[in-house]
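Trainee: Below you'll find the structure I mean.
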Amino acid sequence: MMKSRFAACAVLVTMGSLVLAAPQKGEQKTVTGWVLDSACAFTKGLTKPISRDCALACAKNGSPLVILQDDGAIYWPISEATPAISQNQRLKPFAGKRVTATGKIYARGGSTAIVLEKIDAAGAL
């Protein structure tokens with residue numbers, strides 16, 4: 001009896017873990033923030049880019065550009081295409097600047113991504 005209860009609990013915990021780890025379906029959202037390179041967003045603790053030139057130099061060297069909201073949330077621009085397409089080309093015109101971006105949002109394992117449908121310059125704070 002004890003073994004069957006333990007087995008049932010183990011199955012429930014495993015199934016719950018799989019549900020929590022599964023990617024969310026994309027829901028439409030609009031975000032506003034700074035476009036900067038991902039390495040600086042994490043390692044420098046920046047609240048906005050150092051400069052446009054800095055963001056462009058990092059992007060040129062292969063660092064993915066991200067959108068950093070004022071609350072510190074980081075959005076990774078992604079492609080829904082398979083194979084995936086880098087979003088740096090779409091973001092380079094906005095490097096070092098504030099943007100308002102709209103698209104489908106996906107969250108998984110603590111990361112948040114946005115499939116860019118629309119991106120425009122936003123006013124500075």
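Letters for chains follow the order of the structure tokens (A, B, ...), residue numbers begin at 1 for each chain, and ligand numbers begin at 1 in the order shown.
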Give the strand (DSSP E) residues of stretch 2-120 of chain A, as assigned by DSSP on the backbone, as a VMD selection string.
Mentor: chain A and resid 27 to 37 65 to 69 74 to 78 98 to 108 111 to 120
Trainee: Would you mind exporting N, CA and C atoms of the selected residues as a short mmCIF file (atom, residue, chain, number, x, y, z; two decimals), in the first residue's frame?
Mentor:
data_model
loop_
_atom_site.label_atom_id
_atom_site.label_comp_id
_atom_site.auth_asym_id
_atom_site.auth_seq_id
_atom_site.Cartn_x
_atom_site.Cartn_y
_atom_site.Cartn_z
N GLU A 27 1.48 34.51 -26.44
CA GLU A 27 0.39 35.47 -26.33
C GLU A 27 0.90 36.83 -26.77
N GLN A 28 0.05 37.61 -27.38
CA GLN A 28 0.42 38.93 -27.90
C GLN A 28 0.72 39.90 -26.77
N LYS A 29 1.81 40.65 -26.91
CA LYS A 29 2.19 41.63 -25.89
C LYS A 29 2.99 42.75 -26.55
N THR A 30 2.92 43.93 -25.95
CA THR A 30 3.75 45.06 -26.38
C THR A 30 4.70 45.40 -25.24
N VAL A 31 5.99 45.51 -25.56
CA VAL A 31 7.01 45.84 -24.56
C VAL A 31 7.77 47.08 -25.02
N THR A 32 8.24 47.85 -24.06
CA THR A 32 9.05 49.04 -24.35
C THR A 32 10.34 48.94 -23.56
N GLY A 33 11.45 49.19 -24.23
CA GLY A 33 12.74 49.13 -23.55
C GLY A 33 13.88 49.50 -24.48
N TRP A 34 15.09 49.30 -23.97
CA TRP A 34 16.32 49.64 -24.69
C TRP A 34 16.84 48.44 -25.46
N VAL A 35 17.36 48.69 -26.66
CA VAL A 35 18.02 47.64 -27.44
C VAL A 35 19.51 47.71 -27.14
N LEU A 36 20.04 46.62 -26.60
CA LEU A 36 21.46 46.53 -26.30
C LEU A 36 21.90 45.10 -26.45
N ASP A 37 23.21 44.86 -26.38
CA ASP A 37 23.67 43.49 -26.58
C ASP A 37 23.44 42.68 -25.31
N LEU A 65 21.29 40.92 -29.90
CA LEU A 65 20.68 42.11 -29.31
C LEU A 65 19.39 41.71 -28.61
N VAL A 66 19.12 42.36 -27.48
CA VAL A 66 17.93 42.08 -26.69
C VAL A 66 17.21 43.38 -26.38
N ILE A 67 16.01 43.26 -25.83
CA ILE A 67 15.26 44.43 -25.38
C ILE A 67 15.20 44.39 -23.86
N LEU A 68 15.74 45.44 -23.22
CA LEU A 68 15.79 45.54 -21.77
C LEU A 68 14.74 46.55 -21.30
N GLN A 69 13.72 46.06 -20.62
CA GLN A 69 12.68 46.94 -20.09
C GLN A 69 13.19 47.70 -18.87
N ILE A 74 14.32 41.15 -19.48
CA ILE A 74 15.03 41.04 -20.75
C ILE A 74 14.23 40.17 -21.69
N TYR A 75 13.99 40.69 -22.89
CA TYR A 75 13.27 39.96 -23.93
C TYR A 75 14.24 39.60 -25.04
N TRP A 76 14.31 38.31 -25.35
CA TRP A 76 15.16 37.80 -26.42
C TRP A 76 14.35 37.77 -27.71
N PRO A 77 14.62 38.62 -28.68
CA PRO A 77 13.92 38.56 -29.95
C PRO A 77 14.27 37.27 -30.69
N ILE A 78 13.24 36.54 -31.11
CA ILE A 78 13.45 35.26 -31.79
C ILE A 78 12.62 35.20 -33.06
N ARG A 98 15.63 53.39 -27.48
CA ARG A 98 14.41 52.81 -26.89
C ARG A 98 13.45 52.42 -28.01
N VAL A 99 12.78 51.29 -27.82
CA VAL A 99 11.82 50.80 -28.80
C VAL A 99 10.53 50.37 -28.11
N THR A 100 9.50 50.31 -28.91
CA THR A 100 8.26 49.65 -28.51
C THR A 100 8.08 48.52 -29.51
N ALA A 101 8.03 47.29 -28.99
CA ALA A 101 7.93 46.11 -29.84
C ALA A 101 6.68 45.32 -29.49
N THR A 102 6.03 44.80 -30.50
CA THR A 102 4.84 43.98 -30.31
C THR A 102 5.08 42.63 -30.96
N GLY A 103 4.63 41.59 -30.28
CA GLY A 103 4.78 40.24 -30.83
C GLY A 103 4.32 39.20 -29.85
N LYS A 104 4.49 37.95 -30.26
CA LYS A 104 4.13 36.83 -29.40
C LYS A 104 5.23 36.63 -28.37
N ILE A 105 4.83 36.43 -27.12
CA ILE A 105 5.75 36.23 -26.01
C ILE A 105 5.78 34.75 -25.64
N TYR A 106 6.99 34.24 -25.43
CA TYR A 106 7.18 32.87 -24.96
C TYR A 106 8.08 32.90 -23.74
N ALA A 107 7.76 32.10 -22.74
CA ALA A 107 8.59 32.01 -21.54
C ALA A 107 8.92 30.55 -21.28
N ARG A 108 10.18 30.34 -20.90
CA ARG A 108 10.61 28.98 -20.58
C ARG A 108 11.86 29.03 -19.73
N SER A 111 13.58 32.39 -18.96
CA SER A 111 13.88 33.29 -20.08
C SER A 111 12.57 33.69 -20.76
N THR A 112 12.56 34.89 -21.31
CA THR A 112 11.39 35.37 -22.03
C THR A 112 11.81 35.83 -23.42
N ALA A 113 11.09 35.36 -24.42
CA ALA A 113 11.40 35.70 -25.81
C ALA A 113 10.20 36.37 -26.47
N ILE A 114 10.48 37.14 -27.49
CA ILE A 114 9.43 37.81 -28.26
C ILE A 114 9.67 37.57 -29.74
N VAL A 115 8.62 37.14 -30.43
CA VAL A 115 8.65 37.03 -31.89
C VAL A 115 8.20 38.39 -32.41
N LEU A 116 9.14 39.16 -32.93
CA LEU A 116 8.86 40.54 -33.34
C LEU A 116 7.89 40.59 -34.52
N GLU A 117 6.76 41.23 -34.29
CA GLU A 117 5.81 41.49 -35.37
C GLU A 117 5.89 42.94 -35.79
N LYS A 118 6.14 43.82 -34.82
CA LYS A 118 6.24 45.25 -35.10
C LYS A 118 7.26 45.85 -34.12
N ILE A 119 8.10 46.73 -34.62
CA ILE A 119 9.05 47.42 -33.77
C ILE A 119 9.20 48.85 -34.25
N ASP A 120 9.11 49.79 -33.32
CA ASP A 120 9.20 51.22 -33.64
C ASP A 120 10.04 51.91 -32.57
#
Trainee: What's around A:Gly62 at 10 Å? Count only C-alpha atoms, leave out sequence neighbours fewer than 5 positions away in its own chain, and write the answer as a VMD selection string.
Mentor: chain A and resid 37 56 to 57 86 88
Trainee: Given the choices A:Gly45, A:Leu91, A:Glu80, A:Ala73, which gets closest to A:Gly26 if the distance is worked out from only C-alpha atoms?
Mentor: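 Nearest to A:Gly26: A:Glu80.
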Trainee: Going by DSSP on the backbone, which bits of stretch 14-116 of chain A are alpha helix (DSSP H)? Write them as a PDB file with C-alpha atoms, in the first residue's frame, please.
Mentor:
ATOM      1  CA  THR A  14       6.876  14.118 -12.606  1.00  0.00           C
ATOM      2  CA  MET A  15       3.807  15.134 -14.608  1.00  0.00           C
ATOM      3  CA  GLY A  16       3.632  18.471 -12.781  1.00  0.00           C
ATOM      4  CA  SER A  17       7.288  19.127 -13.553  1.00  0.00           C
ATOM      5  CA  LEU A  18       6.727  18.430 -17.233  1.00  0.00           C
ATOM      6  CA  VAL A  19       3.794  20.834 -17.361  1.00  0.00           C
ATOM      7  CA  LEU A  20       5.805  23.600 -15.675  1.00  0.00           C
ATOM      8  CA  ALA A  21       8.795  23.064 -17.969  1.00  0.00           C
ATOM      9  CA  SER A  38      22.827  40.523 -24.398  1.00  0.00           C
ATOM     10  CA  ALA A  39      26.258  40.247 -22.763  1.00  0.00           C
ATOM     11  CA  CYS A  40      26.125  43.803 -21.406  1.00  0.00           C
ATOM     12  CA  ALA A  41      22.533  43.323 -20.268  1.00  0.00           C
ATOM     13  CA  PHE A  42      23.693  40.489 -18.002  1.00  0.00           C
ATOM     14  CA  THR A  43      27.326  41.158 -17.097  1.00  0.00           C
ATOM     15  CA  ARG A  52      24.826  52.980 -29.871  1.00  0.00           C
ATOM     16  CA  ASP A  53      28.346  52.266 -31.180  1.00  0.00           C
ATOM     17  CA  CYS A  54      28.998  49.818 -28.345  1.00  0.00           C
ATOM     18  CA  ALA A  55      25.770  47.890 -29.035  1.00  0.00           C
ATOM     19  CA  LEU A  56      26.515  47.785 -32.770  1.00  0.00           C
ATOM     20  CA  ALA A  57      30.098  46.595 -32.219  1.00  0.00           C
ATOM     21  CA  CYS A  58      28.919  43.740 -30.026  1.00  0.00           C
ATOM     22  CA  ALA A  59      26.191  42.807 -32.520  1.00  0.00           C
ATOM     23  CA  LYS A  60      28.766  42.833 -35.333  1.00  0.00           C
ATOM     24  CA  ASN A  88      19.965  41.306 -35.117  1.00  0.00           C
ATOM     25  CA  GLN A  89      19.384  42.717 -38.613  1.00  0.00           C
ATOM     26  CA  ARG A  90      15.925  43.919 -37.575  1.00  0.00           C
ATOM     27  CA  LEU A  91      17.253  45.373 -34.318  1.00  0.00           C
TER      28      LEU A  91
END
Trainee: Could you work out how far atom CA of A:Phe94 lies from atom CA of A:Ala122, giving the answer in Å with one decimal?
Mentor: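 Atom CA of A:Ala122 sits 9.7 Å away from atom CA of A:Phe94.
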Trainee: One decimal, in Å: what's the spacing between atom CA of A:Lys25 and atom CA of A:Asp71?
Mentor: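 Result for atom CA of A:Lys25 versus atom CA of A:Asp71: 23.3 Å, one decimal.
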Trainee: To one decimal in Å, tell me the separation between atom CA of A:Pro49 and atom CA of A:Asn61.
Mentor: 16.5 Å
